[in-house]
$ cat coords07.txt   # compact mmCIF, C-alpha atoms
# COMPACT_ATOMS: atom_id res chain seq x y z
CA MET K 830 45.29 -19.44 -19.63
CA SER K 831 43.63 -16.19 -18.54
CA ASN K 832 39.90 -16.03 -17.86
CA PRO K 833 38.25 -13.63 -20.37
CA LEU K 834 35.24 -13.33 -18.06
CA ALA K 835 37.41 -11.75 -15.37
CA ASN K 836 38.16 -8.78 -17.66
CA ILE K 837 35.63 -5.98 -17.22
CA ASP K 838 36.23 -4.80 -20.80
CA ASN K 839 34.61 -8.05 -21.95
CA ILE K 840 31.43 -7.46 -19.96
CA CYS K 841 28.33 -5.38 -20.68
CA PHE K 842 26.12 -4.99 -17.62
CA PHE K 843 22.41 -4.56 -18.32
CA ASP K 844 19.08 -4.39 -16.55
CA THR K 845 15.48 -4.39 -17.81
CA GLU K 846 12.23 -3.03 -16.42
CA THR K 847 9.12 -4.65 -17.87
CA ARG K 848 5.39 -4.07 -18.05
CA ALA K 849 2.69 -6.72 -18.34
CA GLU K 850 0.74 -6.58 -21.58
CA ASP K 851 -2.88 -5.46 -21.52
CA HIS K 852 -4.12 -8.97 -22.33
CA ALA K 853 -2.17 -10.57 -19.46
CA THR K 854 -4.24 -12.27 -16.78
CA PRO K 855 -3.60 -11.28 -13.13
CA ASN K 856 -1.48 -14.44 -12.88
CA ASP K 857 0.44 -14.09 -16.14
CA GLY K 858 1.16 -10.44 -15.43
CA ASN K 859 2.81 -11.25 -12.09
CA VAL K 860 6.32 -12.72 -12.28
CA LYS K 861 6.06 -14.12 -8.75
CA THR K 862 3.09 -16.31 -9.61
CA ALA K 863 3.67 -16.96 -13.30
CA GLY K 864 7.43 -17.52 -13.12
CA THR K 865 10.07 -15.98 -15.37
CA TYR K 866 9.32 -17.63 -18.70
CA ARG K 867 5.53 -17.41 -18.64
CA TYR K 868 5.67 -13.81 -17.45
CA ALA K 869 8.23 -12.90 -20.15
CA LYS K 870 5.79 -14.06 -22.83
CA ASN K 871 3.15 -11.72 -21.43
CA SER K 872 5.23 -8.59 -20.88
CA PHE K 873 7.50 -6.17 -22.74
CA VAL K 874 10.59 -4.13 -21.87
CA ILE K 875 9.92 -0.47 -21.09
CA ILE K 876 13.35 0.57 -19.77
CA SER K 877 16.71 -0.90 -20.71
CA THR K 878 19.89 0.26 -18.98
CA TRP K 879 23.49 -0.57 -19.91
CA ALA K 880 27.15 -0.14 -19.03
CA ILE K 881 29.89 -1.55 -21.25
CA GLY K 882 32.88 -2.38 -19.10
CA SER K 883 33.79 0.52 -16.83
CA GLY K 884 32.25 3.00 -19.26
CA LYS K 885 29.33 5.36 -18.83
CA LEU K 886 25.80 4.31 -18.00
CA PHE K 887 23.08 4.78 -20.59
CA GLU K 888 19.43 3.89 -21.05
CA VAL K 889 16.91 3.44 -23.83
CA SER K 890 13.26 3.68 -22.81
CA LEU K 891 9.73 3.83 -24.16
CA ASP K 892 9.36 7.54 -23.46
CA ARG K 893 6.69 7.74 -26.18
CA GLY K 894 4.38 5.56 -24.12
CA PHE K 895 3.19 1.96 -24.25
CA ASP K 896 0.47 2.03 -26.88
CA GLY K 897 1.70 -0.81 -29.07
CA ASP K 898 5.27 0.46 -28.94
CA TRP K 899 8.27 -1.81 -28.27
CA LEU K 900 11.99 -1.28 -27.89
CA CYS K 901 13.69 -1.90 -31.24
CA TRP K 902 17.24 -3.07 -31.85
CA ASP K 903 17.76 -0.21 -34.29
CA ASP K 904 17.14 2.23 -31.43
CA MET K 905 20.04 0.85 -29.44
CA PRO K 906 23.31 2.85 -29.40
CA ARG K 907 26.07 2.11 -31.89
CA GLU K 908 28.39 1.04 -29.03
CA LEU K 909 25.98 -1.72 -28.10
CA HIS K 910 25.73 -2.95 -31.68
CA GLU K 911 29.51 -3.14 -31.84
CA PHE K 912 29.74 -4.92 -28.50
CA HIS K 913 27.11 -7.44 -29.58
CA LYS K 914 29.28 -8.47 -32.53
CA ARG K 915 31.92 -9.53 -30.02
CA VAL K 916 29.28 -11.39 -28.02
CA GLU K 917 28.24 -13.36 -31.08
CA GLN K 918 31.87 -14.44 -31.48
CA ARG K 919 31.93 -15.42 -27.76
CA GLU K 920 34.67 -12.87 -27.18
CA ALA K 921 32.49 -10.81 -24.80
CA TRP K 922 29.43 -11.39 -22.63
CA TYR K 923 26.43 -9.65 -21.14
CA ALA K 924 25.89 -9.71 -17.37
CA ALA K 925 22.73 -9.23 -15.32
CA PHE K 926 21.60 -9.89 -11.76
CA ASN K 927 19.32 -12.95 -11.81
CA ALA K 928 20.20 -13.05 -15.48
CA GLY K 929 17.59 -15.64 -16.47
CA PHE K 930 14.89 -13.00 -16.06
CA ASP K 931 16.67 -10.30 -18.08
CA ARG K 932 17.61 -12.72 -20.85
CA ALA K 933 13.99 -13.92 -21.11
CA ALA K 934 12.79 -10.29 -21.15
CA TRP K 935 15.30 -9.45 -23.93
CA ASN K 936 14.19 -12.44 -26.03
CA ASN K 937 10.44 -12.01 -25.54
CA GLY K 938 9.75 -8.38 -24.70
CA THR K 939 11.58 -6.48 -27.45
CA PHE K 940 11.22 -6.08 -31.21
CA ASP K 941 13.82 -7.50 -33.59
CA PHE K 942 16.51 -7.85 -30.93
CA PRO K 943 19.05 -10.58 -31.77
CA ARG K 944 18.39 -13.63 -29.66
CA LEU K 945 20.47 -14.00 -26.51
CA GLU K 946 21.66 -17.58 -26.11
CA PRO K 947 22.45 -18.86 -22.60
CA ASP K 948 26.21 -18.82 -23.24
CA MET K 949 26.10 -15.12 -24.12
CA VAL K 950 25.19 -14.09 -20.56
CA ILE K 951 26.63 -14.49 -17.07
CA ASP K 952 24.77 -14.00 -13.80
CA VAL K 953 26.22 -11.53 -11.29
CA MET K 954 23.94 -13.04 -8.64
CA ALA K 955 25.65 -16.43 -9.05
CA GLN K 956 29.05 -14.79 -8.69
CA ALA K 957 27.91 -12.81 -5.64
CA VAL K 958 26.53 -15.90 -3.90
CA ALA K 959 29.79 -17.76 -4.62
CA SER K 960 31.49 -14.98 -2.63
CA ASN K 961 28.97 -15.54 0.19
CA LEU K 962 27.00 -12.34 -0.47
CA PRO K 963 23.19 -12.23 -0.27
CA PRO K 964 21.28 -13.40 -3.39
CA SER K 965 19.61 -10.00 -3.83
CA LEU K 966 21.06 -6.90 -5.46
CA GLU K 967 20.06 -4.78 -2.46
CA GLY K 968 21.72 -7.16 -0.02
CA ALA K 969 24.83 -7.75 -2.11
CA SER K 970 25.31 -4.02 -2.73
CA ARG K 971 24.94 -3.15 0.94
CA ALA K 972 27.34 -5.95 1.89
CA ILE K 973 30.11 -4.29 -0.13
CA THR K 974 29.13 -0.92 1.39
CA GLY K 975 27.42 0.19 -1.81
CA ARG K 976 24.35 2.42 -2.14
CA GLY K 977 21.87 -0.40 -2.57
CA LYS K 978 18.72 -0.02 -4.63
CA GLN K 979 16.79 3.22 -5.01
CA ASP K 980 14.37 3.66 -2.11
CA ASP K 981 11.26 4.32 -4.19
CA GLY K 982 11.91 1.45 -6.62
CA LYS K 983 9.03 -0.78 -5.49
CA ALA K 984 6.57 2.10 -5.62
CA LEU K 985 7.68 2.96 -9.16
CA ILE K 986 7.36 -0.67 -10.27
CA ASN K 987 3.82 -0.77 -8.90
CA LEU K 988 3.08 2.51 -10.68
CA PHE K 989 4.34 1.65 -14.18
CA CYS K 990 4.59 -2.13 -14.57
CA SER K 991 0.99 -3.36 -14.32
CA PRO K 992 -1.12 -3.60 -17.51
CA ARG K 993 -3.16 -0.54 -16.64
CA GLY K 994 -0.44 1.35 -14.83
CA ALA K 995 0.67 4.90 -15.44
CA THR K 996 2.40 6.08 -18.62
CA PRO K 997 5.40 8.41 -19.01
CA GLN K 998 3.03 11.14 -20.21
CA GLN K 999 0.81 10.82 -17.14
CA LYS K 1000 3.64 10.77 -14.60
CA PRO K 1001 6.73 12.39 -16.18
CA GLU K 1002 8.57 13.10 -12.93
CA GLU K 1003 8.04 9.57 -11.63
CA TRP K 1004 9.04 8.17 -15.03
CA ALA K 1005 12.33 10.06 -14.84
CA ARG K 1006 12.87 8.57 -11.39
CA PHE K 1007 12.13 5.10 -12.74
CA LYS K 1008 14.88 5.48 -15.32
CA THR K 1009 17.35 6.50 -12.63
CA TYR K 1010 16.23 3.41 -10.71
CA GLY K 1011 17.28 1.19 -13.62
CA LEU K 1012 20.57 3.05 -14.08
CA ARG K 1013 21.40 2.70 -10.39
CA ASP K 1014 20.66 -1.04 -10.48
CA THR K 1015 23.09 -1.44 -13.36
CA ASP K 1016 25.75 0.60 -11.63
CA GLU K 1017 25.42 -1.29 -8.33
CA MET K 1018 25.46 -4.61 -10.18
CA ARG K 1019 28.74 -3.63 -11.82
CA GLU K 1020 30.15 -2.76 -8.39
CA VAL K 1021 29.11 -6.14 -7.00
CA TRP K 1022 30.80 -7.87 -9.94
CA ALA K 1023 33.98 -5.84 -9.38
CA HIS K 1024 34.08 -6.67 -5.66
CA THR K 1025 33.57 -10.43 -5.94
CA ARG K 1026 35.76 -13.30 -7.06
CA PRO K 1027 35.39 -13.94 -10.80
CA LEU K 1028 34.14 -17.46 -11.39
CA PRO K 1029 36.41 -19.69 -13.49
CA PHE K 1030 35.38 -20.07 -17.11
CA GLU K 1031 34.63 -23.77 -16.45
CA GLU K 1032 32.02 -22.82 -13.85
CA TRP K 1033 30.31 -20.49 -16.27
CA GLU K 1034 30.18 -23.39 -18.73
CA ASP K 1035 28.25 -25.33 -16.07
CA TYR K 1036 25.97 -22.32 -15.61
CA TRP K 1037 25.24 -22.15 -19.33
CA VAL K 1038 24.31 -25.84 -19.36
CA SER K 1039 21.91 -25.26 -16.46
CA GLU K 1040 20.36 -22.30 -18.27
CA ARG K 1041 19.78 -24.43 -21.36
CA ILE K 1042 18.01 -26.92 -19.12
CA ASN K 1043 15.97 -24.07 -17.60
CA GLU K 1044 15.05 -22.80 -21.04
CA ARG K 1045 14.05 -26.24 -22.33
CA GLY K 1046 12.16 -27.10 -19.17
CA VAL K 1047 10.63 -30.38 -18.12
CA ALA K 1048 7.37 -31.74 -19.52
CA VAL K 1049 4.45 -31.96 -17.11
CA ASP K 1050 1.19 -33.88 -17.41
CA MET K 1051 -0.96 -30.78 -17.11
CA GLU K 1052 -4.28 -32.60 -17.10
CA LEU K 1053 -3.18 -34.63 -14.10
CA ALA K 1054 -1.68 -31.51 -12.45
CA ARG K 1055 -4.94 -29.55 -12.81
CA ARG K 1056 -7.04 -32.34 -11.39
CA ALA K 1057 -4.57 -33.11 -8.61
CA SER K 1058 -4.70 -29.41 -7.72
CA ALA K 1059 -8.47 -29.69 -7.44
CA VAL K 1060 -8.11 -32.76 -5.20
CA ALA K 1061 -5.67 -30.92 -2.94
CA ALA K 1062 -8.01 -27.93 -2.67
CA ALA K 1063 -11.00 -30.17 -1.86
CA GLU K 1064 -9.04 -32.07 0.77
CA ALA K 1065 -7.79 -28.84 2.37
CA ALA K 1066 -11.37 -27.55 2.57
CA ARG K 1067 -12.50 -30.83 4.16
CA LEU K 1068 -9.73 -30.77 6.76
CA ASN K 1069 -10.51 -27.16 7.62
CA ARG K 1070 -14.16 -28.04 8.22
CA GLU K 1071 -13.16 -30.97 10.41
CA LEU K 1072 -10.70 -28.87 12.42
CA SER K 1073 -13.36 -26.27 13.06
CA ARG K 1074 -15.80 -28.97 14.21
CA TRP K 1075 -13.27 -30.77 16.43
CA THR K 1076 -12.13 -27.57 18.13
CA ASN K 1077 -15.48 -25.77 18.33
CA GLY K 1078 -14.26 -23.11 15.92
CA GLN K 1079 -11.00 -22.35 17.73
CA ILE K 1080 -9.02 -23.60 14.72
CA THR K 1081 -10.40 -22.99 11.24
CA ALA K 1082 -7.46 -23.85 8.94
CA VAL K 1083 -4.57 -26.32 8.85
CA THR K 1084 -2.27 -23.36 8.20
CA GLN K 1085 -2.88 -21.95 11.69
CA THR K 1086 0.22 -23.65 13.08
CA LYS K 1087 0.65 -21.57 16.23
CA ARG K 1088 -3.01 -21.92 17.18
CA ILE K 1089 -2.93 -25.70 16.59
CA ALA K 1090 0.24 -26.12 18.66
CA GLU K 1091 -1.24 -24.19 21.59
CA TRP K 1092 -4.57 -26.06 21.38
CA VAL K 1093 -2.82 -29.44 21.41
CA TYR K 1094 -0.36 -28.48 24.16
CA ASP K 1095 -3.11 -27.25 26.46
CA ARG K 1096 -4.91 -30.62 26.20
CA LEU K 1097 -1.97 -32.99 26.59
CA GLU K 1098 -2.14 -34.81 29.91
CA TYR K 1099 1.33 -36.33 29.71
CA SER K 1100 4.39 -34.23 30.49
CA GLU K 1101 6.58 -36.29 28.15
CA ALA K 1102 4.12 -35.61 25.31
CA ARG K 1103 4.06 -31.90 26.09
CA GLU K 1104 7.84 -31.86 26.10
CA ILE K 1105 7.85 -32.97 22.46
CA LEU K 1106 6.21 -29.74 21.33
CA VAL K 1107 8.41 -27.38 23.34
CA LYS K 1108 10.97 -25.61 21.18
CA GLU K 1109 12.05 -22.95 23.66
CA TYR K 1110 11.28 -22.26 27.31
CA ASP K 1111 10.78 -18.85 28.88
CA GLU K 1112 13.71 -18.88 31.27
CA ASN K 1113 12.38 -15.83 33.13
CA ALA K 1114 9.17 -17.56 34.22
CA SER K 1115 8.79 -19.61 37.41
CA ALA K 1116 7.13 -22.98 37.83
CA GLU K 1117 4.27 -21.30 39.73
CA ASP K 1118 3.26 -19.57 36.49
CA ASP K 1119 1.90 -22.84 35.12
CA ASP K 1120 -1.12 -24.63 36.58
CA GLU K 1121 0.53 -27.98 35.95
CA GLY K 1122 3.67 -27.00 37.86
CA ASP K 1123 5.80 -26.99 34.69
CA VAL K 1124 8.07 -24.22 33.46
CA LYS K 1125 6.16 -21.63 31.45
CA VAL K 1126 6.40 -22.39 27.72
CA GLY K 1127 7.99 -19.81 25.46
CA LYS K 1128 7.72 -21.33 21.98
CA LEU K 1129 6.03 -24.42 20.62
CA SER K 1130 6.75 -26.19 17.35
CA LEU K 1131 4.76 -28.47 15.07
CA GLU K 1132 7.61 -29.16 12.68
CA LYS K 1133 7.55 -32.50 10.90
CA GLY K 1134 9.87 -34.35 13.27
CA ARG K 1135 7.95 -33.27 16.37
CA ILE K 1136 4.61 -34.30 14.85
CA GLU K 1137 5.99 -37.73 13.98
CA THR K 1138 7.39 -38.15 17.50
CA LEU K 1139 4.11 -37.11 19.10
CA LEU K 1140 2.10 -39.52 16.93
CA ALA K 1141 4.57 -42.30 17.75
CA PHE K 1142 3.99 -41.54 21.45
CA PHE K 1143 0.24 -42.03 21.04
CA ASP K 1144 0.75 -45.17 18.93
CA ALA K 1145 2.76 -46.66 21.78
CA LEU K 1146 0.13 -45.54 24.29
CA GLU K 1147 -2.65 -47.14 22.25
CA GLU K 1148 -0.72 -50.38 21.93
CA LYS K 1149 -0.13 -50.43 25.68
CA ASN K 1150 -3.73 -49.64 26.72
CA GLY K 1151 -5.60 -51.23 23.82
CA LYS K 1152 -7.24 -47.95 22.87
CA LEU K 1153 -6.92 -44.20 23.28
CA ALA K 1154 -9.09 -42.06 25.49
CA GLU K 1155 -11.54 -39.86 23.60
CA ARG K 1156 -9.50 -36.74 24.49
CA ASP K 1157 -6.30 -38.31 23.16
CA ARG K 1158 -8.00 -39.55 19.98
CA LEU K 1159 -9.18 -36.01 19.27
CA ILE K 1160 -5.64 -34.70 19.74
CA VAL K 1161 -4.34 -37.31 17.31
CA ASP K 1162 -6.98 -36.33 14.74
CA VAL K 1163 -6.03 -32.65 14.98
CA VAL K 1164 -2.29 -33.38 14.75
CA GLN K 1165 -2.77 -35.69 11.77
CA ALA K 1166 -4.87 -33.06 10.04
CA ARG K 1167 -1.96 -30.65 10.41
CA GLN K 1168 0.51 -33.33 9.30
CA PHE K 1169 -1.26 -34.07 6.03
CA GLY K 1170 -2.99 -30.77 5.37
CA GLY K 1171 0.01 -28.63 6.29
CA SER K 1172 2.32 -30.17 3.72
CA THR K 1173 3.17 -27.87 0.81
CA SER K 1174 3.71 -30.79 -1.56
CA PRO K 1175 0.10 -31.06 -2.81
CA PHE K 1176 0.07 -27.35 -3.60
CA LYS K 1177 3.02 -27.76 -5.94
CA PHE K 1178 0.35 -28.79 -8.44
CA ASP K 1179 -1.03 -25.23 -8.19
CA LYS K 1180 2.37 -23.84 -9.12
CA MET K 1181 2.63 -26.25 -12.05
CA VAL K 1182 -0.68 -24.92 -13.35
CA ASP K 1183 0.34 -21.30 -12.78
CA GLN K 1184 3.89 -21.49 -14.15
CA HIS K 1185 3.91 -23.98 -16.99
CA ASP K 1186 4.80 -22.72 -20.45
CA ASP K 1187 3.00 -24.83 -23.04
CA GLY K 1188 3.09 -27.82 -20.72
CA ARG K 1189 6.70 -27.40 -19.60
CA LEU K 1190 8.15 -26.08 -16.34
CA LYS K 1191 11.02 -23.73 -17.06
CA GLY K 1192 13.54 -21.80 -15.01
CA GLN K 1193 13.36 -24.13 -12.03
CA TYR K 1194 17.08 -24.47 -11.28
CA VAL K 1195 19.24 -21.84 -9.57
CA PHE K 1196 22.97 -22.10 -10.25
CA ASN K 1197 25.03 -21.56 -7.07
CA GLY K 1198 21.71 -21.30 -5.27
CA ALA K 1199 23.13 -22.60 -2.00
CA GLN K 1200 25.73 -20.35 -0.45
CA GLN K 1201 29.08 -21.81 0.61
CA THR K 1202 28.44 -25.26 -0.88
CA GLY K 1203 27.77 -23.90 -4.36
CA ARG K 1204 25.19 -26.58 -5.11
CA PHE K 1205 22.08 -25.99 -7.19
CA SER K 1206 18.84 -24.96 -5.53
CA SER K 1207 15.37 -24.70 -7.00
CA LYS K 1208 12.55 -22.17 -7.14
CA GLY K 1209 8.94 -22.12 -8.28
CA VAL K 1210 7.72 -25.70 -7.98
CA GLN K 1211 11.08 -26.53 -6.37
CA VAL K 1212 11.65 -29.71 -8.30
CA HIS K 1213 14.50 -30.71 -5.97
CA ASN K 1214 11.96 -31.21 -3.18
CA LEU K 1215 9.21 -33.15 -4.89
CA THR K 1216 7.77 -35.87 -2.65
CA ARG K 1217 8.95 -39.32 -3.67
CA ASP K 1218 6.45 -41.34 -1.64
CA SER K 1219 4.47 -43.93 -3.58
CA LEU K 1220 0.92 -45.08 -2.96
CA LYS K 1221 2.12 -48.53 -3.96
CA LYS K 1222 -0.87 -50.80 -4.66
CA TYR K 1223 -3.28 -47.84 -4.41
CA GLU K 1224 -1.42 -45.62 -6.87
CA GLU K 1225 -3.16 -46.75 -10.06
CA GLU K 1226 -6.56 -46.58 -8.40
CA SER K 1227 -5.85 -43.07 -7.04
CA ILE K 1228 -4.73 -41.71 -10.41
CA GLU K 1229 -7.85 -43.19 -12.01
CA PHE K 1230 -9.99 -41.43 -9.39
CA ILE K 1231 -8.29 -38.09 -10.01
CA MET K 1232 -8.69 -38.34 -13.78
CA GLU K 1233 -12.27 -39.60 -13.88
CA ASN K 1234 -14.09 -38.04 -10.94
CA LEU K 1235 -12.99 -34.42 -10.95
CA THR K 1236 -13.61 -31.85 -13.62
CA GLU K 1237 -10.96 -29.34 -14.59
CA ASN K 1238 -11.04 -25.92 -12.95
$ encode --input "coords07.txt" --output "structure tokens"
Amino acid sequence: MSNPLANIDNICFFDTETRAEDHATPNDGNVKTAGTYRYAKNSFVIISTWAIGSGKLFEVSLDRGFDGDWLCWDDMPRELHEFHKRVEQREAWYAAFNAGFDRAAWNNGTFDFPRLEPDMVIDVMAQAVASNLPPSLEGASRAITGRGKQDDGKALINLFCSPRGATPQQKPEEWARFKTYGLRDTDEMREVWAHTRPLPFEEWEDYWVSERINERGVAVDMELARRASAVAAAEAARLNRELSRWTNGQITAVTQTKRIAEWVYDRLEYSEAREILVKEYDENASAEDDDEGDVKVGKLSLEKGRIETLLAFFDALEEKNGKLAERDRLIVDVVQARQFGGSTSPFKFDKMVDQHDDGRLKGQYVFNGAQQTGRFSSKGVQVHNLTRDSLKKYEEESIEFIMENLTEN
């Protein structure tokens, strides 16, 4: 049985450029912070570009300006209306790069457009990654020796896509360039599709299931998330104050990894402990370069495994000697502050607050997100990497503290 999704005549490539609505908050008007689905509900499509099969490129845009105007389905070309009839019969499909975004923009940022269901769209990014190309249109296009994206694209996005950005009337030349930016994206996307292995129909069926999951989302206890976010922020502030006090102001934040590693390394009296932090030596330096007679250090690391090994070293030292010297205890305090304060897990609550859509996290899964293996990956809150540790007997008490002793921000 032939794969209908391998036939370019069954594919319509499309791309959308969007603008945040005037009422959008700084968070909701930024797709990076708000996430695809929340941003889509606070933005509208200003440029839509298309290519049916190997046919010509065309665009429909809000040339009249953005004052309450939206793209309407009736404004779309007759060829697109005819193609959409085939899509509704599942005889043809739309294709976009990072298609979840463009499908959400179509469904939320246009007027009277027919709804795009997940199984009406395929993702050229997923197909590109399956062929071991980069997960960006620029990277994938360059990898197949294409033109890549238009050089001034980011500048044009910054110019037109914010709530109080420029209008076509204010910047007509730049607006014309922005339309060519969208057309070029669509053309390069089509080239990437044509130069990569078509995914079997069965794999696209898996993709459509994952997109339905992304669209439905997962329910989140937002009251707990908001208050846990406040706890994380308060604890980070406390640790930063302690670090500054312990180090006489040399370290002021748990995020200053390089500074912490150098501070700790310089105070370690044991060569075996110093060795734990060394990631890479400077092979061009001599032993005389170091006051301790050791090889000059090139790079230090405070990655999780090295921190755990260093703390285990001091645990063993304390057990052997009965206690730690004051200098060593201070080192342990600083390292533990980095260990607990440097974790990104508590700040996932911030992303839950920023990206939830009516109490649900959406668009978290990325189909074919991991190159070569083809497994799913995650973005946003990264639900694949949520910490599973339990507070055991203290868990109920801790949740009660979070809910009762902190007010919502």
$ closest_residue --input "coords07.txt" --among "K:Met1018, K:Val950, K:Leu988, K:Ala959" --to "K:Glu1034" --atoms "only C-alpha atoms"
K:Val950
$ atom_distance --input "coords07.txt" --atom1 "atom CA of K:Ala835" --atom2 "atom CA of K:Trp1033"
11.3 Å
$ closest_residue --input "coords07.txt" --among "K:Ile1136, K:Ser1039, K:Gln1085, K:Asn832" --to "K:Glu1104" --atoms "all atoms listed in the file"
K:Ile1136
$ residues_near_point --input "coords07.txt" --point "(34.7, -11.7, -26.5)" --cutoff "10 Å" --atoms "only C-alpha atoms" --output "ChimeraX atom specification"
/K:833-834,836,838-840,912-922,949
$ residues_around --input "coords07.txt" --residues "K:Glu1040" --least-positions-apart "6" --cutoff "10 Å" --atoms "only C-alpha atoms" --output "number ranges by chain"
K: 928-929, 946-948, 950, 1034, 1046, 1191-1196
$ write_last_selection --input "coords07.txt" --atoms "C-alpha atoms" --output "PDB file, in the coordinates of the input"
ATOM      1  CA  ALA K 928      20.200 -13.050 -15.480  1.00  0.00           C
ATOM      2  CA  GLY K 929      17.590 -15.640 -16.470  1.00  0.00           C
ATOM      3  CA  GLU K 946      21.660 -17.580 -26.110  1.00  0.00           C
ATOM      4  CA  PRO K 947      22.450 -18.860 -22.600  1.00  0.00           C
ATOM      5  CA  ASP K 948      26.210 -18.820 -23.240  1.00  0.00           C
ATOM      6  CA  VAL K 950      25.190 -14.090 -20.560  1.00  0.00           C
ATOM      7  CA  GLU K1034      30.180 -23.390 -18.730  1.00  0.00           C
ATOM      8  CA  GLY K1046      12.160 -27.100 -19.170  1.00  0.00           C
ATOM      9  CA  LYS K1191      11.020 -23.730 -17.060  1.00  0.00           C
ATOM     10  CA  GLY K1192      13.540 -21.800 -15.010  1.00  0.00           C
ATOM     11  CA  GLN K1193      13.360 -24.130 -12.030  1.00  0.00           C
ATOM     12  CA  TYR K1194      17.080 -24.470 -11.280  1.00  0.00           C
ATOM     13  CA  VAL K1195      19.240 -21.840  -9.570  1.00  0.00           C
ATOM     14  CA  PHE K1196      22.970 -22.100 -10.250  1.00  0.00           C
TER      15      PHE K1196
END
$ atom_distance --input "coords07.txt" --atom1 "atom CA of K:Glu1002" --atom2 "atom CA of K:Leu985"
10.9 Å
$ closest_residue --input "coords07.txt" --among "K:Gln1168, K:Ser890, K:Ser1058, K:Thr1025" --to "K:Pro963" --atoms "only C-alpha atoms"
K:Thr1025
$ residues_near_point --input "coords07.txt" --point "(32.6, 3.3, -21.7)" --cutoff "12 Å" --atoms "all atoms listed in the file" --output "number ranges by chain"
K: 837-842, 879-887, 908-909, 912
$ closest_residue --input "coords07.txt" --among "K:Ile1160, K:Gln979, K:Val953, K:Gln1079" --to "K:Glu1020" --atoms "all atoms listed in the file"
K:Val953
$ closest_residue --input "coords07.txt" --among "K:Lys978, K:Ala955, K:Gln999, K:Lys1208" --to "K:Arg893" --atoms "all atoms listed in the file"
K:Gln999
$ residues_around --input "coords07.txt" --residues "stretch 1185-1188 of chain K" --least-positions-apart "5" --cutoff "6 Å" --atoms "only C-alpha atoms" --output "MDAnalysis selection string"
chainID K and resid 867 1048:1049
$ closest_residue --input "coords07.txt" --among "K:Phe895, K:Phe1178, K:Phe843, K:Phe1007" --to "K:Ala934" --atoms "all atoms listed in the file"
K:Phe843
$ residues_around --input "coords07.txt" --residues "K:Ala1066" --least-positions-apart "4" --cutoff "10 Å" --atoms "only C-alpha atoms" --output "VMD selection string"
chain K and resid 1060 to 1062 1070 to 1072 1081 to 1083 1170
$ residues_around --input "coords07.txt" --residues "K:Ser965" --least-positions-apart "3" --cutoff "9 Å" --atoms "all atoms listed in the file" --output "VMD selection string"
chain K and resid 926 to 927 954 957 962 968 to 970
$ residues_around --input "coords07.txt" --residues "K:Lys1087" --least-positions-apart "4" --cutoff "8 Å" --atoms "all atoms listed in the file" --output "list in words"
Glu1091, Leu1129 and Ser1130 of chain K
$ atom_distance --input "coords07.txt" --atom1 "atom CA of K:Ser877" --atom2 "atom CA of K:Gly894"
14.3 Å
$ build_atoms --input "coords07.txt" --residues "stretch 1037-1045 of chain K" --atoms "N, CA, C and O atoms" --output "CSV table (one decimal), in the coordinates of the input"
chain,number,residue,atom,x,y,z
K,1037,TRP,N,25.9,-22.2,-18.0
K,1037,TRP,CA,25.2,-22.2,-19.3
K,1037,TRP,C,24.5,-23.4,-19.6
K,1037,TRP,O,23.4,-23.4,-20.2
K,1038,VAL,N,25.0,-24.6,-19.2
K,1038,VAL,CA,24.3,-25.8,-19.4
K,1038,VAL,C,23.0,-25.8,-18.5
K,1038,VAL,O,21.9,-26.2,-19.0
K,1039,SER,N,23.1,-25.3,-17.3
K,1039,SER,CA,21.9,-25.3,-16.5
K,1039,SER,C,20.9,-24.3,-17.0
K,1039,SER,O,19.7,-24.6,-16.9
K,1040,GLU,N,21.3,-23.2,-17.7
K,1040,GLU,CA,20.4,-22.3,-18.3
K,1040,GLU,C,19.7,-22.9,-19.5
K,1040,GLU,O,18.5,-22.6,-19.8
K,1041,ARG,N,20.4,-23.7,-20.2
K,1041,ARG,CA,19.8,-24.4,-21.4
K,1041,ARG,C,18.7,-25.4,-20.8
K,1041,ARG,O,17.6,-25.5,-21.5
K,1042,ILE,N,19.0,-26.0,-19.7
K,1042,ILE,CA,18.0,-26.9,-19.1
K,1042,ILE,C,16.8,-26.1,-18.7
K,1042,ILE,O,15.6,-26.5,-18.9
K,1043,ASN,N,17.1,-24.9,-18.0
K,1043,ASN,CA,16.0,-24.1,-17.6
K,1043,ASN,C,15.1,-23.6,-18.8
K,1043,ASN,O,13.9,-23.5,-18.7
K,1044,GLU,N,15.8,-23.3,-19.9
K,1044,GLU,CA,15.0,-22.8,-21.0
K,1044,GLU,C,14.2,-23.9,-21.7
K,1044,GLU,O,13.1,-23.7,-22.2
K,1045,ARG,N,14.8,-25.1,-21.7
K,1045,ARG,CA,14.0,-26.2,-22.3
K,1045,ARG,C,12.9,-26.7,-21.4
K,1045,ARG,O,11.8,-27.0,-21.9
